[in-house]
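Report on the following structure.
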Amino acid sequence: MNLNGIRAIYLFEMNRFRRTIMQSVAAPVLSTSLYFIVFGSAIGSRIDTIEGISYGAFIVPGLIMLTVITESLTNSSFGIYLPKFQGTIYELLSAPVSAVETVIGYVGAAATKSVLIGCLILATARIFVDYTIVHPLWTAAFLVLTCTAFSLFGFIIGIWADSFQRLQLIPLMVVTPLAFLGGTFYSITMLPEPWDTIALLNPVLYLVSGFRWSFYGVADVAPAVSLAMTFVFMLVCLAIVAWIFKTGWRLKS
Amino acid sequence: MRPAAHAHPAPPPIGADDAVIRVEGLEKTYASGFTALKNVDLTIRRGEIFALLGENGAGKSTLIGAICGLVRPSAGRILVDGHDAVADFRSARTKIGLVPQELHVDSFERVMDTVSFSRGLFGKPRDAAFVEGVLRDLSLWDKRDAKIIALSGGMKRRLLIAKALAHEPTILFLDEPTAGVDVELRREMWRMVHRLRERGVTIILTTHYIEEAEEMADRVGVIHQGEILLVEEKTALMRKLGRRELALHLREPLAAIPDAVARPALSLDPEGRTLTYVFDSQSEDTGIADLLRRLAEAGIEVRDLATSESSLEEIFVSLVKGRPS
């Protein structure tokens with residue numbers, strides 16, 4: 001195991017994160033706070049409680065998920081795309097680091113960033129809305145798992161992308177809609193037939209539902225199913241990453 | 001490299017069997033169907049400076065890429081100090097430092113950070129003193145806190161060398177180290193390569209300048225269309241490549257070469273204005289003095305003269321022609 005190599009990649013990425021702290025931390029925290037102000041404090045007071053939870057509190061877990069998913073994808077995909085774009089990837093490819101070590105370095109750093117952002121948003125939300133956390137350990141588990149899974153997904157996107165446009169394509173066109181429709185702002189039980197059934201095809205729903213369960217003990221789907229789905233998603237991403245390194249796809253000619 | 005000198009043993013004696021890199025039957029066909037390397041066999045000796053000479057697109061970078069892990073070989077085997085470059089990539093790559101042809105740098109990183117990063121990436125623990133030594137050797141120490149984007153082209157190239165040396169490799173690949181580099185920097189680069197060799201580092205460089213191979217290398221390999229045409233001691237090759245041409249531009253056109261001046265290596269252009277004389281620059285007597293004297297005796301006035309080396313392209317053509325197909 002090349003521990004020095006992992007550390008070098010991890011610190012390099014965290015360093016980049018620190019350099020761009022305004023874009024990478026301040027921006028997501030600010031924009032999520034706007035949701036809390038508008039939907040939580042302003043409009044939220046006129047919306048009924050959902051399953052006994054005030055609307056402002058109801059959207060906290062979903063909004064955190066929405067943000068960490070987007071941040072994981074963006075940070076991770078950019079982290080591996082940048083060396084490809086700059087050509088500095090030659091050094092990584094010629095270094096004595098294995099695929100596993102590369103992934104731990106890049107994905108680990110991206111996931112760390114997202115977890116930090118998630119915690120910051122959680123703390124900020126406290127200013128605007130009153131929420132409780134029933135199962136704090138599960139909150140932490142869901143947060144870490146989701147950040148890791150989507151950082152892996154972002155890593156794949158970063159390797160796949162051959163332009164900055166493509167880099168943004170999947171986060172903007174696929175993940176953001178899925179996150180919005182995944183029960184961030186509502187419970188799927190509020191949807192009419194057949195949309196409540198169709199919503200079950202949305203993988204993000206399981207993450208949001210499981211995360212919300214850890215807060216309030218209520219969920220759209222069983223928490224065990226949520227956890228299983230998160231793992232399945234992560235395993236699929238891991239399998240793709242393994243294939244990428246085995247074949248050198250988009251990395252080596 | 002002063003501070004590192006103690007970290008390296010004295011260069012071992014160079015023996016014909018002391019191979020530090022062994023390439024056997026290496027083939028590379030890209031997905032597009034283009035075959036960049038054809039059955040390449042090559043042995044690099046420990047401690048030597050090896051120049052890989054070839055035109056653009058000849059396969060130099062592909063060959064280096066395959067040894068360093070950037071290119072996946074289609075067939076064949078590569079041993080780096082006895083370690084298989086694929087199966088035992090960790091041991092193989094730890095020994096190699098690679099300086100790419102293009103100036104690939106992280107524009108927003110700082111000089112010191114990026115060199116430390118390279119060292120860590122190659123598995124070495126932090127060593128601020130060693131990194132300082134490398135930066136000092138490459139005259140980058142004053143720039144250690146500068147952002148890379150603020151460096152000049154020459155500094156960026158030295159930075160890439162510093163990054164490649166950060167993990168104390170025993171083999172250094174320099175892909176076109178002096179392409180687009182001014183004369184002074186090129187001289188400096190050559191001096192640095194010689195210093196590294198004194199420390200026992202094996203150096204493989206690619207170039208398309210004959211002059212560079214002549215200045216630096218112990219041995220020269222010529223690659224053309226993915227095939228290694230020859231590998232020879234530099235001195236032997238330079239004798240072969242030592243053919244030069246002397247062009248004499250005449251004041252008055254000649255109808256034919258006068259008998260008193262005529263010799264096999266001398267030819268006249270169709271307009272009768274230029275005499276071309278081919279000679280061996282390595283030989284004791286090039287025959288130039290005699291030729292000029294006889295031209296003067298014959299009353300032929302020379303307006304201007306110029307000498308030129310046979311170009312690498314001409315050498316390639318003659319090498320390709322000389323090979324059985």
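Convention: chains lettered A, B, ... in structure tokens order; per-chain residue numbering from 1; ligands numbered from 1 as shown.
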
Could you please tell me, as an NGL selection string, which residues of chain A have an atom within 7 Å of chain B when using only C-alpha atoms?
:A and (2-5 or 8-9 or 86-88 or 90 or 93-96 or 252-253)

Assign secondary structure with DSSP using the backbone only, and return the residues of range 80-246 of chain B in alpha helix (DSSP H) as an MDAnalysis selection string.
chainID B and resid 89:94 111:121 128:137 153:165 183:198 210:216 234:241

Near Leu145 in chain A, within 10 Å and counting only C-alpha atoms, which residues show up once chain neighbours fewer than 6 positions away are dropped, as a PyMOL selection string?
chain A and resi 111+115+139+151+207+227+230-231+234

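Remark: for Asp130 in chain A, the closest of the candidate residues A:Ile53, A:Leu169, A:Leu66, A:Ile198 is A:Ile53 (distances computed over only C-alpha atoms).
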
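Remark: for Ile64 in chain B, the closest of the candidate residues B:Glu214, B:Glu27, B:Glu188, B:Asp175 is B:Asp175 (distances computed over only C-alpha atoms).
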
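Distance-wise, CA of Leu34 in chain A and CA of Arg166 in chain A end up 28.0 Å apart.
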
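The residues of range 83-212 of chain B that DSSP assigns to strand (DSSP E or B) on this backbone come out as His83, Asp84, Ile96, Gly97, Leu98, Val99, Arg110, Lys147, Ile171, Leu172, Phe173, Leu174, Asp175, Thr202, Ile203, Ile204, Leu205, Thr206 and Thr207 of chain B.
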
Go ahead and write the residues just picked, C-alpha atoms, as a short mmCIF file (atom, residue, chain, number, x, y, z; two decimals), in the first residue's frame.
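Output file out21.cif follows:
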```cif
data_model
loop_
_atom_site.label_atom_id
_atom_site.label_comp_id
_atom_site.auth_asym_id
_atom_site.auth_seq_id
_atom_site.Cartn_x
_atom_site.Cartn_y
_atom_site.Cartn_z
CA HIS B 83 10.79 -5.75 -12.39
CA ASP B 84 8.00 -6.34 -14.88
CA ILE B 96 11.58 5.97 -12.87
CA GLY B 97 11.22 9.72 -13.16
CA LEU B 98 9.45 11.08 -16.22
CA VAL B 99 9.71 14.56 -17.69
CA ARG B 110 2.93 26.58 -5.64
CA LYS B 147 2.41 30.09 -8.18
CA ILE B 171 16.23 6.22 -14.19
CA LEU B 172 15.18 9.51 -15.75
CA PHE B 173 13.19 9.87 -18.95
CA LEU B 174 13.40 13.23 -20.69
CA ASP B 175 10.95 13.47 -23.56
CA THR B 202 20.49 6.38 -16.06
CA ILE B 203 19.11 8.89 -18.55
CA ILE B 204 16.98 8.22 -21.58
CA LEU B 205 16.14 11.22 -23.68
CA THR B 206 14.33 11.64 -26.94
CA THR B 207 15.25 14.26 -29.41
#
```

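Within 10 Å of range 299-304 of chain B, once only C-alpha atoms are used and residues closer than 4 positions along the same chain are dropped, the contacting residues are Ala247, Leu248, His249, Leu250, Arg251, Glu252, Pro253, Leu254, Pro258, Val261, Arg273, Thr274, Leu275, Leu292, Arg293, Arg294 and Leu295 of chain B.
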
Selection file, C-alpha atoms, as a PDB file, in the first residue's frame:
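And here is the file that came out, part36.pdb:
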```pdb
ATOM      1  CA  ALA B 247      27.943  24.543 -51.216  1.00  0.00           C
ATOM      2  CA  LEU B 248      30.020  26.998 -53.254  1.00  0.00           C
ATOM      3  CA  HIS B 249      28.031  29.764 -54.932  1.00  0.00           C
ATOM      4  CA  LEU B 250      29.933  30.993 -57.975  1.00  0.00           C
ATOM      5  CA  ARG B 251      30.264  34.530 -59.237  1.00  0.00           C
ATOM      6  CA  GLU B 252      30.088  33.413 -62.903  1.00  0.00           C
ATOM      7  CA  PRO B 253      28.107  30.343 -64.046  1.00  0.00           C
ATOM      8  CA  LEU B 254      30.086  27.330 -65.266  1.00  0.00           C
ATOM      9  CA  PRO B 258      36.905  21.844 -65.211  1.00  0.00           C
ATOM     10  CA  VAL B 261      38.993  20.603 -60.178  1.00  0.00           C
ATOM     11  CA  ARG B 273      25.996  28.519 -60.376  1.00  0.00           C
ATOM     12  CA  THR B 274      26.517  26.207 -57.405  1.00  0.00           C
ATOM     13  CA  LEU B 275      29.149  23.555 -56.793  1.00  0.00           C
ATOM     14  CA  LEU B 292      39.516  25.719 -52.843  1.00  0.00           C
ATOM     15  CA  ARG B 293      43.126  26.025 -53.990  1.00  0.00           C
ATOM     16  CA  ARG B 294      42.395  24.372 -57.314  1.00  0.00           C
ATOM     17  CA  LEU B 295      39.298  26.522 -57.858  1.00  0.00           C
TER      18      LEU B 295
END
```

Using only C-alpha atoms, which residues sit within 7 Å of Gly54 in chain B once same-chain residues fewer than 3 positions away are excluded, as JSON, numbers by chain?
{"B": [58, 60, 207, 208, 222, 223, 224]}

Skip Phe215 in chain A itself and residues of its chain fewer than 6 positions away, then list as a list in words all residues within 9 Å of it, counting only C-alpha atoms.
Pro61, Tyr131, Thr132, Ile133, Val134, His135, Pro136, Trp138 and Thr139 of chain A
